[in-house]
$ cat protein27.pdb   # PDB, C-alpha atoms and all ligand atoms
ATOM      1  CA  MET A  24     -83.361  -3.158-112.715
ATOM      2  CA  SER A  25     -86.022  -0.473-113.037
ATOM      3  CA  ILE A  26     -87.455   1.926-115.609
ATOM      4  CA  ASN A  27     -87.350   5.554-114.497
ATOM      5  CA  ASP A  28     -89.748   8.428-115.336
ATOM      6  CA  ASN A  29     -87.839   9.127-118.581
ATOM      7  CA  ASN A  30     -88.315   5.508-119.741
ATOM      8  CA  VAL A  31     -84.645   4.759-119.212
ATOM      9  CA  LEU A  32     -83.690   1.319-117.906
ATOM     10  CA  VAL A  33     -81.593   1.822-114.766
ATOM     11  CA  CYS A  34     -79.330  -0.785-113.205
ATOM     12  CA  HIS A  35     -78.970  -0.179-109.438
ATOM     13  CA  ALA A  36     -76.205  -1.628-107.271
ATOM     14  CA  SER A  37     -77.745  -3.519-104.359
ATOM     15  CA  ARG A  38     -74.853  -2.508-102.103
ATOM     16  CA  PRO A  39     -71.977   0.033-102.198
ATOM     17  CA  ILE A  40     -69.181  -0.754-104.688
ATOM     18  CA  ASN A  41     -65.639   0.420-103.896
ATOM     19  CA  LYS A  42     -63.169   1.360-106.605
ATOM     20  CA  GLY A  43     -61.530  -1.792-107.948
ATOM     21  CA  ASP A  44     -64.177  -4.179-106.552
ATOM     22  CA  THR A  45     -65.418  -7.022-108.730
ATOM     23  CA  ILE A  46     -69.012  -6.345-109.759
ATOM     24  CA  TYR A  47     -71.281  -9.376-109.553
ATOM     25  CA  TYR A  48     -74.506  -9.967-111.393
ATOM     26  CA  ASN A  49     -77.050 -12.634-110.546
ATOM     27  CA  TYR A  50     -78.429 -14.591-113.507
ATOM     28  CA  THR A  51     -80.687 -16.911-111.575
ATOM     29  CA  ASP A  52     -83.056 -17.204-108.606
ATOM     30  CA  PRO A  53     -80.968 -16.981-105.403
ATOM     31  CA  LEU A  54     -83.825 -18.571-103.463
ATOM     32  CA  LYS A  55     -83.396 -21.899-105.236
ATOM     33  CA  GLY A  56     -80.929 -24.585-104.150
ATOM     34  CA  THR A  57     -77.559 -25.067-105.846
ATOM     35  CA  ALA A  58     -78.586 -28.029-108.054
ATOM     36  CA  LEU A  59     -81.560 -26.088-109.474
ATOM     37  CA  ARG A  60     -79.581 -22.857-109.945
ATOM     38  CA  GLN A  61     -76.774 -24.678-111.712
ATOM     39  CA  GLN A  62     -79.186 -26.564-113.956
ATOM     40  CA  HIS A  63     -80.892 -23.288-114.883
ATOM     41  CA  LEU A  64     -77.558 -21.562-115.596
ATOM     42  CA  LEU A  65     -76.296 -24.466-117.691
ATOM     43  CA  ILE A  66     -79.440 -24.674-119.828
ATOM     44  CA  GLY A  67     -80.115 -20.955-120.127
ATOM     45  CA  LYS A  68     -76.670 -19.330-119.916
ATOM     46  CA  TYR A  69     -74.356 -22.178-120.979
ATOM     47  CA  PHE A  70     -71.948 -22.082-118.040
ATOM     48  CA  GLU A  71     -71.195 -24.031-114.906
ATOM     49  CA  CYS A  72     -71.232 -21.577-112.014
ATOM     50  CA  LYS A  73     -68.209 -21.625-109.683
ATOM     51  CA  CYS A  74     -69.216 -18.844-107.294
ATOM     52  CA  SER A  75     -68.498 -19.145-103.554
ATOM     53  CA  ARG A  76     -72.039 -20.321-102.843
ATOM     54  CA  CYS A  77     -72.118 -22.958-105.601
ATOM     55  CA  GLU A  78     -68.764 -24.313-104.396
ATOM     56  CA  ASP A  79     -69.936 -24.558-100.772
ATOM     57  CA  HIS A  80     -72.236 -27.500-100.019
ATOM     58  CA  THR A  81     -73.639 -25.642 -96.974
ATOM     59  CA  GLU A  82     -74.582 -22.745 -99.331
ATOM     60  CA  LEU A  83     -72.902 -20.078 -97.158
ATOM     61  CA  GLY A  84     -74.055 -21.811 -93.974
ATOM     62  CA  THR A  85     -77.748 -21.579 -94.894
ATOM     63  CA  TYR A  86     -78.102 -25.331 -95.655
ATOM     64  CA  MET A  87     -80.663 -24.360 -98.292
ATOM     65  CA  SER A  88     -80.499 -27.754-100.047
ATOM     66  CA  SER A  89     -79.951 -29.936 -96.971
ATOM     67  CA  ALA A  90     -82.070 -32.459 -95.112
ATOM     68  CA  ILE A  91     -82.193 -33.254 -91.390
ATOM     69  CA  CYS A  92     -79.876 -36.215 -90.712
ATOM     70  CA  PRO A  93     -82.052 -39.367 -90.558
ATOM     71  CA  ASP A  94     -79.483 -40.838 -88.141
ATOM     72  CA  CYS A  95     -78.520 -38.257 -85.495
ATOM     73  CA  LYS A  96     -81.521 -35.958 -86.164
ATOM     74  CA  THR A  97     -79.456 -32.896 -85.178
ATOM     75  CA  GLY A  98     -77.113 -32.410 -88.137
ATOM     76  CA  TYR A  99     -77.897 -31.398 -91.695
ATOM     77  CA  VAL A 100     -77.080 -33.726 -94.554
ATOM     78  CA  SER A 101     -75.687 -31.930 -97.605
ATOM     79  CA  LYS A 102     -74.593 -33.223-100.993
ATOM     80  CA  SER A 103     -70.822 -33.654-100.737
ATOM     81  CA  SER A 104     -70.283 -35.363-104.115
ATOM     82  CA  ASP A 105     -72.360 -36.707-107.011
ATOM     83  CA  ASP A 106     -73.060 -39.919-105.100
ATOM     84  CA  ASP A 107     -72.841 -38.958-101.434
ATOM     85  CA  TRP A 108     -74.506 -36.755 -98.867
ATOM     86  CA  THR A 109     -72.675 -36.075 -95.564
ATOM     87  CA  CYS A 110     -74.038 -35.072 -92.138
ATOM     88  CA  SER A 111     -72.644 -31.849 -90.643
ATOM     89  CA  ASP A 112     -72.842 -33.351 -87.145
ATOM     90  CA  CYS A 113     -72.257 -37.133 -87.023
ATOM     91  CA  GLN A 114     -70.382 -37.082 -90.386
ATOM     92  CA  LYS A 115     -72.284 -40.148 -91.524
ATOM     93  CA  GLN A 116     -72.520 -40.537 -95.301
ATOM     94  CA  PHE A 117     -75.715 -41.374 -97.159
ATOM     95  CA  GLU A 118     -76.243 -42.537-100.712
ATOM     96  CA  HIS A 119     -77.691 -39.972-103.068
ATOM     97  CA  ALA A 120     -80.749 -42.173-103.669
ATOM     98  CA  ASN A 121     -81.770 -41.999 -99.969
ATOM     99  CA  ILE A 122     -81.702 -38.250 -99.381
ATOM    100  CA  GLY A 123     -82.581 -37.444-102.996
ATOM    101  CA  HIS A 124     -85.765 -39.466-102.512
ATOM    102  CA  ILE A 125     -86.780 -37.406 -99.445
ATOM    103  CA  VAL A 126     -86.241 -34.129-101.340
ATOM    104  CA  LYS A 127     -88.147 -35.460-104.347
ATOM    105  CA  CYS A 128     -91.151 -36.453-102.182
ATOM    106  CA  CYS A 129     -91.219 -32.941-100.635
ATOM    107  CA  THR A 130     -90.936 -31.382-104.119
ATOM    108  CA  ASP A 131     -93.761 -33.536-105.515
ATOM    109  CA  LYS A 132     -95.980 -32.676-102.545
ATOM    110  CA  PHE A 133     -95.289 -28.954-102.988
ATOM    111  CA  ASP A 134     -96.256 -29.208-106.662
ATOM    112  CA  VAL A 135     -99.772 -30.432-105.826
ATOM    113  CA  ILE A 136    -100.789 -28.290-102.831
ATOM    114  CA  ASN A 137    -102.856 -25.135-103.231
ATOM    115  CA  LYS A 138    -100.238 -22.425-102.712
ATOM    116  CA  LYS A 139    -102.854 -19.782-102.039
ATOM    117  CA  ASP A 140    -104.408 -21.687 -99.148
ATOM    118  CA  GLU A 141    -103.175 -20.767 -95.657
ATOM    119  CA  LYS A 142    -104.036 -24.134 -94.087
ATOM    120  CA  GLU A 143    -102.427 -26.207 -96.845
ATOM    121  CA  LEU A 144     -99.253 -24.113 -96.694
ATOM    122  CA  GLU A 145     -99.099 -24.333 -92.881
ATOM    123  CA  GLU A 146     -99.583 -28.106 -93.040
ATOM    124  CA  TYR A 147     -96.897 -28.460 -95.714
ATOM    125  CA  ILE A 148     -94.444 -26.397 -93.629
ATOM    126  CA  ARG A 149     -95.216 -28.473 -90.518
ATOM    127  CA  HIS A 150     -94.666 -31.817 -92.282
ATOM    128  CA  VAL A 151     -91.638 -30.880 -94.354
ATOM    129  CA  SER A 152     -89.889 -29.225 -91.356
ATOM    130  CA  LYS A 153     -89.549 -32.716 -89.888
ATOM    131  CA  VAL A 154     -87.270 -33.890 -92.725
ATOM    132  CA  LEU A 155     -85.703 -30.843 -94.385
ATOM    133  CA  ALA A 156     -83.252 -28.299 -92.920
ATOM    134  CA  PRO A 157     -85.088 -25.180 -91.616
ATOM    135  CA  ASN A 158     -83.842 -22.980 -94.471
ATOM    136  CA  HIS A 159     -84.399 -25.519 -97.231
ATOM    137  CA  TYR A 160     -85.458 -23.769-100.425
ATOM    138  CA  LEU A 161     -88.784 -25.654-100.497
ATOM    139  CA  LEU A 162     -89.596 -24.432 -96.986
ATOM    140  CA  LEU A 163     -88.518 -20.887 -97.847
ATOM    141  CA  ASP A 164     -90.753 -20.972-100.911
ATOM    142  CA  ALA A 165     -93.723 -22.181 -98.836
ATOM    143  CA  MET A 166     -92.986 -19.569 -96.129
ATOM    144  CA  GLN A 167     -92.777 -16.750 -98.662
ATOM    145  CA  ARG A 168     -96.064 -17.767-100.240
ATOM    146  CA  LEU A 169     -97.684 -18.030 -96.814
ATOM    147  CA  ALA A 170     -96.342 -14.563 -95.905
ATOM    148  CA  GLY A 171     -98.025 -13.277 -99.104
ATOM    149  CA  VAL A 172    -101.343 -14.990 -98.276
ATOM    150  CA  LEU A 173    -101.260 -13.512 -94.744
ATOM    151  CA  ARG A 174    -100.337 -10.056 -96.093
ATOM    152  CA  ASP A 175    -103.434 -10.137 -98.329
ATOM    153  CA  ALA A 176    -105.585 -11.321 -95.408
ATOM    154  CA  ILE A 177    -104.266  -8.523 -93.159
ATOM    155  CA  ASN A 178    -104.961  -5.942 -95.878
ATOM    156  CA  ARG A 179    -108.451  -7.323 -96.477
ATOM    157  CA  GLU A 180    -109.572  -7.559 -92.843
ATOM    158  CA  PRO A 181    -110.663  -4.306 -91.195
ATOM    159  CA  HIS A 182    -109.545  -5.792 -87.827
ATOM    160  CA  PRO A 183    -106.966  -8.568 -88.440
ATOM    161  CA  THR A 184    -106.364 -10.791 -85.424
ATOM    162  CA  LYS A 185    -103.153 -10.597 -83.399
ATOM    163  CA  LYS A 186    -102.558 -14.284 -84.155
ATOM    164  CA  LEU A 187    -102.549 -13.514 -87.875
ATOM    165  CA  MET A 188    -100.170 -10.583 -87.480
ATOM    166  CA  ARG A 189     -97.837 -12.486 -85.133
ATOM    167  CA  ARG A 190     -97.537 -15.340 -87.621
ATOM    168  CA  LYS A 191     -96.749 -12.879 -90.402
ATOM    169  CA  ILE A 192     -94.021 -11.243 -88.281
ATOM    170  CA  GLN A 193     -92.570 -14.622 -87.362
ATOM    171  CA  LEU A 194     -92.341 -15.626 -91.038
ATOM    172  CA  CYS A 195     -90.562 -12.378 -91.935
ATOM    173  CA  HIS A 196     -88.131 -12.841 -89.016
ATOM    174  CA  ASP A 197     -87.368 -16.386 -90.189
ATOM    175  CA  LEU A 198     -86.870 -15.348 -93.822
ATOM    176  CA  LEU A 199     -84.779 -12.194 -93.436
ATOM    177  CA  PRO A 200     -81.522 -13.729 -92.061
ATOM    178  CA  VAL A 201     -81.411 -16.167 -95.020
ATOM    179  CA  LEU A 202     -82.116 -13.397 -97.533
ATOM    180  CA  GLU A 203     -79.338 -11.332 -95.909
ATOM    181  CA  LYS A 204     -76.879 -14.112 -96.795
ATOM    182  CA  VAL A 205     -77.988 -15.143-100.279
ATOM    183  CA  LEU A 206     -79.337 -11.787-101.451
ATOM    184  CA  PRO A 207     -77.095  -9.179 -99.744
ATOM    185  CA  GLY A 208     -77.952  -5.492-100.020
ATOM    186  CA  ILE A 209     -81.248  -3.938-101.026
ATOM    187  CA  SER A 210     -83.876  -5.894-102.971
ATOM    188  CA  ARG A 211     -87.623  -5.962-103.554
ATOM    189  CA  THR A 212     -87.922  -9.354-101.850
ATOM    190  CA  LYS A 213     -86.264  -8.095 -98.672
ATOM    191  CA  GLY A 214     -88.257  -4.869 -98.758
ATOM    192  CA  ARG A 215     -91.485  -6.835 -98.750
ATOM    193  CA  HIS A 216     -90.440  -8.776 -95.644
ATOM    194  CA  TYR A 217     -89.147  -5.716 -93.788
ATOM    195  CA  ILE A 218     -92.569  -4.181 -94.333
ATOM    196  CA  GLY A 219     -93.972  -7.340 -92.747
ATOM    197  CA  VAL A 220     -91.829  -6.850 -89.653
ATOM    198  CA  THR A 221     -93.158  -3.299 -89.206
ATOM    199  CA  VAL A 222     -96.551  -4.918 -88.497
ATOM    200  CA  LYS A 223     -95.019  -5.564 -85.057
ATOM    201  CA  TYR A 224     -95.325  -1.870 -84.263
ATOM    202  CA  ALA A 225     -98.943  -1.931 -85.342
ATOM    203  CA  ILE A 226     -99.541  -4.676 -82.763
ATOM    204  CA  LYS A 227     -97.809  -2.596 -80.086
ATOM    205  CA  ILE A 228    -100.081   0.314 -80.905
ATOM    206  CA  CYS A 229    -103.132  -1.947 -80.681
ATOM    207  CA  THR A 230    -102.209  -3.315 -77.237
TER     208      THR A 230
HETATM  209 ZN    ZN B 301     -72.944 -19.928-108.343
HETATM  210 ZN    ZN B 302     -76.030 -36.998 -88.459
END

$ encode --input "protein27.pdb" --output "structure tokens" --more "lines below"
Ligand SMILES: [Zn+2]
Ligand SMILES: [Zn+2]
Amino acid sequence: MSINDNNVLVCHASRPINKGDTIYYNYTDPLKGTALRQQHLLIGKYFECKCSRCEDHTELGTYMSSAICPDCKTGYVSKSSDDDWTCSDCQKQFEHANIGHIVKCCTDKFDVINKKDEKELEEYIRHVSKVLAPNHYLLLDAMQRLAGVLRDAINREPHPTKKLMRRKIQLCHDLLPVLEKVLPGISRTKGRHYIGVTVKYAIKICT
């Protein structure tokens, strides 16, 4: 949605629409996990979403609400019913209380850290990566905030270090494939991260 020079509200399609295609509209934050999106839609829009992502416990293969399997350590445990979470690898089932507790601890920790502080965000990402799937929405949130903090630092510094720029590029590279799946087509969020990736060329020029 944008307001053009004539003060008219314009609704843009984020990707090409063919004649006869169903047109979809997103009423919630695609960067949140299914449980949070559904809760938001139920409270604010009074419906239970049945879209392909909400119906898929892997969330289109992103595992955005999953944890690393405490048993095999290689698979991702996703909520397969109200009471159970199942591992994608060893197929072991866990009670909701077990995995739900891990996610709650990570959520509580995220609530109290300073989200404008590079070190605190890096430390949070390092710790939480040990228990949550790499694309978990909490990690994505922390990574996006860190990318913003680094962007400001790069803009502020007359000579930003290569380490700083490399980290920024890495974050954008990690975030873009997930955004491509849950936010297909053009968007402001993706635009911001693509700009981040172009920093790579700045580094090439510097070296
Ligand atoms: Zn949905
Ligand atoms: Zn497992």

$ residues_near_ligand --input "protein27.pdb" --ligand "ligand ZN 301 (chain B)" --cutoff "6 Å" --atoms "all atoms listed in the file" --output "ChimeraX atom specification"
/A:72-74,76-77

$ residues_around --input "protein27.pdb" --residues "A:Leu83" --least-positions-apart "6" --cutoff "12 Å" --atoms "all atoms listed in the file" --output "NGL selection string"
:A and (53 or 56-57 or 74-77 or 158 or 200-207)

$ resolve_selection --input "protein27.pdb" --expression "the PyMOL selection byres (((not hetatm)) within 12 of (chain B and resi 302))" --output "list in words"
Ser89, Ala90, Ile91, Cys92, Pro93, Asp94, Cys95, Lys96, Thr97, Gly98, Tyr99, Val100, Ser101, Trp108, Thr109, Cys110, Ser111, Asp112, Cys113, Gln114, Lys115, Gln116 and Phe117 of chain A

$ atom_distance --input "protein27.pdb" --atom1 "atom CA of A:Arg179" --atom2 "atom CA of A:Asp140"
15.2 Å

$ closest_residue --input "protein27.pdb" --among "A:Ile122, A:Leu187, A:Val135, A:Cys129" --to "A:Arg174" --atoms "only C-alpha atoms"
A:Leu187

$ residues_around --input "protein27.pdb" --residues "A:Leu198" --least-positions-apart "5" --cutoff "12 Å" --atoms "only C-alpha atoms" --output "VMD selection string"
chain A and resid 54 85 87 157 to 160 162 to 170 191 to 193 203 to 206 212 to 217 219 to 220

$ closest_residue --input "protein27.pdb" --among "A:Tyr69, A:Glu145, A:Gly208, A:Leu161" --to "A:Phe133" --atoms "all atoms listed in the file"
A:Leu161

$ residues_near_point --input "protein27.pdb" --point "(-83.1, -1.2, -107.4)" --cutoff "8 Å" --atoms "all atoms listed in the file" --output "list in words"
Met24, Ser25, Cys34, His35, Ala36, Ser37, Ile209, Ser210 and Arg211 of chain A

$ write_last_selection --input "protein27.pdb" --atoms "C-alpha atoms" --output "short mmCIF file (atom, residue, chain, number, x, y, z; two decimals), in the coordinates of the input"
data_model
loop_
_atom_site.label_atom_id
_atom_site.label_comp_id
_atom_site.auth_asym_id
_atom_site.auth_seq_id
_atom_site.Cartn_x
_atom_site.Cartn_y
_atom_site.Cartn_z
CA MET A 24 -83.36 -3.16 -112.72
CA SER A 25 -86.02 -0.47 -113.04
CA CYS A 34 -79.33 -0.78 -113.20
CA HIS A 35 -78.97 -0.18 -109.44
CA ALA A 36 -76.20 -1.63 -107.27
CA SER A 37 -77.74 -3.52 -104.36
CA ILE A 209 -81.25 -3.94 -101.03
CA SER A 210 -83.88 -5.89 -102.97
CA ARG A 211 -87.62 -5.96 -103.55
#

$ residues_around --input "protein27.pdb" --residues "A:Ile125" --least-positions-apart "5" --cutoff "9 Å" --atoms "only C-alpha atoms" --output "list in words"
Ala90, Ala120, Thr130, Val154 and Leu155 of chain A

$ residues_around --input "protein27.pdb" --residues "stretch 48-52 of chain A" --least-positions-apart "6" --cutoff "8 Å" --atoms "only C-alpha atoms" --output "list of chain:residue names"
A:Arg60, A:His63, A:Leu64

$ atom_distance --input "protein27.pdb" --atom1 "atom CA of A:Asp107" --atom2 "atom CA of A:Asp131"
22.0 Å

$ atom_distance --input "protein27.pdb" --atom1 "atom CA of A:Glu82" --atom2 "atom CA of A:Ser103"
11.6 Å

$ closest_residue --input "protein27.pdb" --among "A:His150, A:Lys42, A:Lys102, A:Lys138" --to "A:Val172" --atoms "only C-alpha atoms"
A:Lys138

$ closest_residue --input "protein27.pdb" --among "A:Leu32, A:Lys68, A:Arg149, A:Tyr86" --to "A:Lys55" --atoms "only C-alpha atoms"
A:Tyr86

$ decode --input "protein27.pdb" --residues "stretch 180-191 of chain A" --atoms "all heavy atoms" --output "PDB file, in the first residue's frame"
ATOM      1  N   GLU A 180      29.672   5.367  10.204  1.00  0.00           N
ATOM      2  CA  GLU A 180      31.142   5.326  10.151  1.00  0.00           C
ATOM      3  C   GLU A 180      31.642   5.852   8.802  1.00  0.00           C
ATOM      4  O   GLU A 180      31.170   5.395   7.762  1.00  0.00           O
ATOM      5  CB  GLU A 180      31.622   3.871  10.289  1.00  0.00           C
ATOM      6  CG  GLU A 180      31.271   3.216  11.603  1.00  0.00           C
ATOM      7  CD  GLU A 180      32.240   3.568  12.695  1.00  0.00           C
ATOM      8  OE1 GLU A 180      33.389   3.892  12.367  1.00  0.00           O
ATOM      9  OE2 GLU A 180      31.841   3.537  13.865  1.00  0.00           O
ATOM     10  N   PRO A 181      32.632   6.743   8.807  1.00  0.00           N
ATOM     11  CA  PRO A 181      33.195   7.161   7.522  1.00  0.00           C
ATOM     12  C   PRO A 181      33.951   5.999   6.850  1.00  0.00           C
ATOM     13  O   PRO A 181      33.962   5.878   5.633  1.00  0.00           O
ATOM     14  CB  PRO A 181      34.149   8.306   7.900  1.00  0.00           C
ATOM     15  CG  PRO A 181      34.234   8.336   9.386  1.00  0.00           C
ATOM     16  CD  PRO A 181      33.218   7.435   9.963  1.00  0.00           C
ATOM     17  N   HIS A 182      34.574   5.122   7.673  1.00  0.00           N
ATOM     18  CA  HIS A 182      35.292   3.962   7.118  1.00  0.00           C
ATOM     19  C   HIS A 182      34.874   2.695   7.867  1.00  0.00           C
ATOM     20  O   HIS A 182      35.627   2.208   8.718  1.00  0.00           O
ATOM     21  CB  HIS A 182      36.811   4.164   7.226  1.00  0.00           C
ATOM     22  CG  HIS A 182      37.289   5.395   6.542  1.00  0.00           C
ATOM     23  ND1 HIS A 182      37.300   5.512   5.164  1.00  0.00           N
ATOM     24  CD2 HIS A 182      37.724   6.581   7.019  1.00  0.00           C
ATOM     25  CE1 HIS A 182      37.740   6.714   4.829  1.00  0.00           C
ATOM     26  NE2 HIS A 182      37.991   7.392   5.942  1.00  0.00           N
ATOM     27  N   PRO A 183      33.680   2.148   7.583  1.00  0.00           N
ATOM     28  CA  PRO A 183      33.255   0.931   8.302  1.00  0.00           C
ATOM     29  C   PRO A 183      34.204  -0.234   8.018  1.00  0.00           C
ATOM     30  O   PRO A 183      34.750  -0.329   6.920  1.00  0.00           O
ATOM     31  CB  PRO A 183      31.862   0.657   7.735  1.00  0.00           C
ATOM     32  CG  PRO A 183      31.743   1.467   6.503  1.00  0.00           C
ATOM     33  CD  PRO A 183      32.706   2.587   6.601  1.00  0.00           C
ATOM     34  N   THR A 184      34.402  -1.070   9.022  1.00  0.00           N
ATOM     35  CA  THR A 184      35.339  -2.190   8.861  1.00  0.00           C
ATOM     36  C   THR A 184      34.742  -3.250   7.941  1.00  0.00           C
ATOM     37  O   THR A 184      33.525  -3.364   7.812  1.00  0.00           O
ATOM     38  CB  THR A 184      35.647  -2.849  10.218  1.00  0.00           C
ATOM     39  OG1 THR A 184      34.404  -3.350  10.752  1.00  0.00           O
ATOM     40  CG2 THR A 184      36.258  -1.872  11.201  1.00  0.00           C
ATOM     41  N   LYS A 185      35.644  -4.067   7.366  1.00  0.00           N
ATOM     42  CA  LYS A 185      35.182  -5.156   6.489  1.00  0.00           C
ATOM     43  C   LYS A 185      34.391  -6.174   7.300  1.00  0.00           C
ATOM     44  O   LYS A 185      33.431  -6.763   6.820  1.00  0.00           O
ATOM     45  CB  LYS A 185      36.386  -5.852   5.852  1.00  0.00           C
ATOM     46  CG  LYS A 185      36.872  -5.148   4.622  1.00  0.00           C
ATOM     47  CD  LYS A 185      37.903  -6.026   3.948  1.00  0.00           C
ATOM     48  CE  LYS A 185      38.773  -5.167   3.056  1.00  0.00           C
ATOM     49  NZ  LYS A 185      39.957  -5.877   2.612  1.00  0.00           N
ATOM     50  N   LYS A 186      34.813  -6.372   8.561  1.00  0.00           N
ATOM     51  CA  LYS A 186      34.134  -7.340   9.431  1.00  0.00           C
ATOM     52  C   LYS A 186      32.662  -6.943   9.579  1.00  0.00           C
ATOM     53  O   LYS A 186      31.758  -7.772   9.489  1.00  0.00           O
ATOM     54  CB  LYS A 186      34.842  -7.353  10.796  1.00  0.00           C
ATOM     55  CG  LYS A 186      34.399  -8.467  11.699  1.00  0.00           C
ATOM     56  CD  LYS A 186      35.154  -8.421  13.016  1.00  0.00           C
ATOM     57  CE  LYS A 186      34.431  -9.258  14.056  1.00  0.00           C
ATOM     58  NZ  LYS A 186      34.488  -8.715  15.377  1.00  0.00           N
ATOM     59  N   LEU A 187      32.445  -5.659   9.805  1.00  0.00           N
ATOM     60  CA  LEU A 187      31.090  -5.134   9.976  1.00  0.00           C
ATOM     61  C   LEU A 187      30.262  -5.356   8.705  1.00  0.00           C
ATOM     62  O   LEU A 187      29.130  -5.830   8.747  1.00  0.00           O
ATOM     63  CB  LEU A 187      31.201  -3.636  10.293  1.00  0.00           C
ATOM     64  CG  LEU A 187      29.947  -2.842  10.623  1.00  0.00           C
ATOM     65  CD1 LEU A 187      29.349  -3.330  11.929  1.00  0.00           C
ATOM     66  CD2 LEU A 187      30.261  -1.361  10.730  1.00  0.00           C
ATOM     67  N   MET A 188      30.864  -5.052   7.567  1.00  0.00           N
ATOM     68  CA  MET A 188      30.130  -5.185   6.304  1.00  0.00           C
ATOM     69  C   MET A 188      29.876  -6.649   5.961  1.00  0.00           C
ATOM     70  O   MET A 188      28.816  -7.003   5.472  1.00  0.00           O
ATOM     71  CB  MET A 188      30.887  -4.461   5.193  1.00  0.00           C
ATOM     72  CG  MET A 188      30.887  -2.956   5.398  1.00  0.00           C
ATOM     73  SD  MET A 188      31.163  -2.032   3.905  1.00  0.00           S
ATOM     74  CE  MET A 188      32.925  -2.058   3.831  1.00  0.00           C
ATOM     75  N   ARG A 189      30.872  -7.514   6.265  1.00  0.00           N
ATOM     76  CA  ARG A 189      30.688  -8.946   5.965  1.00  0.00           C
ATOM     77  C   ARG A 189      29.545  -9.523   6.804  1.00  0.00           C
ATOM     78  O   ARG A 189      28.755 -10.326   6.315  1.00  0.00           O
ATOM     79  CB  ARG A 189      31.980  -9.722   6.262  1.00  0.00           C
ATOM     80  CG  ARG A 189      33.029  -9.498   5.221  1.00  0.00           C
ATOM     81  CD  ARG A 189      33.957 -10.701   5.061  1.00  0.00           C
ATOM     82  NE  ARG A 189      34.888 -10.416   3.990  1.00  0.00           N
ATOM     83  CZ  ARG A 189      36.107  -9.903   4.182  1.00  0.00           C
ATOM     84  NH1 ARG A 189      36.542  -9.659   5.392  1.00  0.00           N
ATOM     85  NH2 ARG A 189      36.888  -9.653   3.151  1.00  0.00           N
ATOM     86  N   ARG A 190      29.467  -9.117   8.052  1.00  0.00           N
ATOM     87  CA  ARG A 190      28.403  -9.628   8.922  1.00  0.00           C
ATOM     88  C   ARG A 190      27.036  -9.183   8.397  1.00  0.00           C
ATOM     89  O   ARG A 190      26.081  -9.937   8.396  1.00  0.00           O
ATOM     90  CB  ARG A 190      28.623  -9.127  10.364  1.00  0.00           C
ATOM     91  CG  ARG A 190      27.588  -9.585  11.372  1.00  0.00           C
ATOM     92  CD  ARG A 190      27.557 -11.089  11.527  1.00  0.00           C
ATOM     93  NE  ARG A 190      26.620 -11.539  12.540  1.00  0.00           N
ATOM     94  CZ  ARG A 190      25.772 -12.555  12.371  1.00  0.00           C
ATOM     95  NH1 ARG A 190      25.748 -13.223  11.238  1.00  0.00           N
ATOM     96  NH2 ARG A 190      24.963 -12.910  13.350  1.00  0.00           N
ATOM     97  N   LYS A 191      26.975  -7.939   7.955  1.00  0.00           N
ATOM     98  CA  LYS A 191      25.728  -7.397   7.415  1.00  0.00           C
ATOM     99  C   LYS A 191      25.301  -8.194   6.171  1.00  0.00           C
ATOM    100  O   LYS A 191      24.142  -8.573   6.028  1.00  0.00           O
ATOM    101  CB  LYS A 191      25.948  -5.905   7.081  1.00  0.00           C
ATOM    102  CG  LYS A 191      24.888  -5.255   6.225  1.00  0.00           C
ATOM    103  CD  LYS A 191      23.675  -4.865   7.015  1.00  0.00           C
ATOM    104  CE  LYS A 191      22.697  -4.109   6.132  1.00  0.00           C
ATOM    105  NZ  LYS A 191      21.316  -4.414   6.404  1.00  0.00           N
TER     106      LYS A 191
END
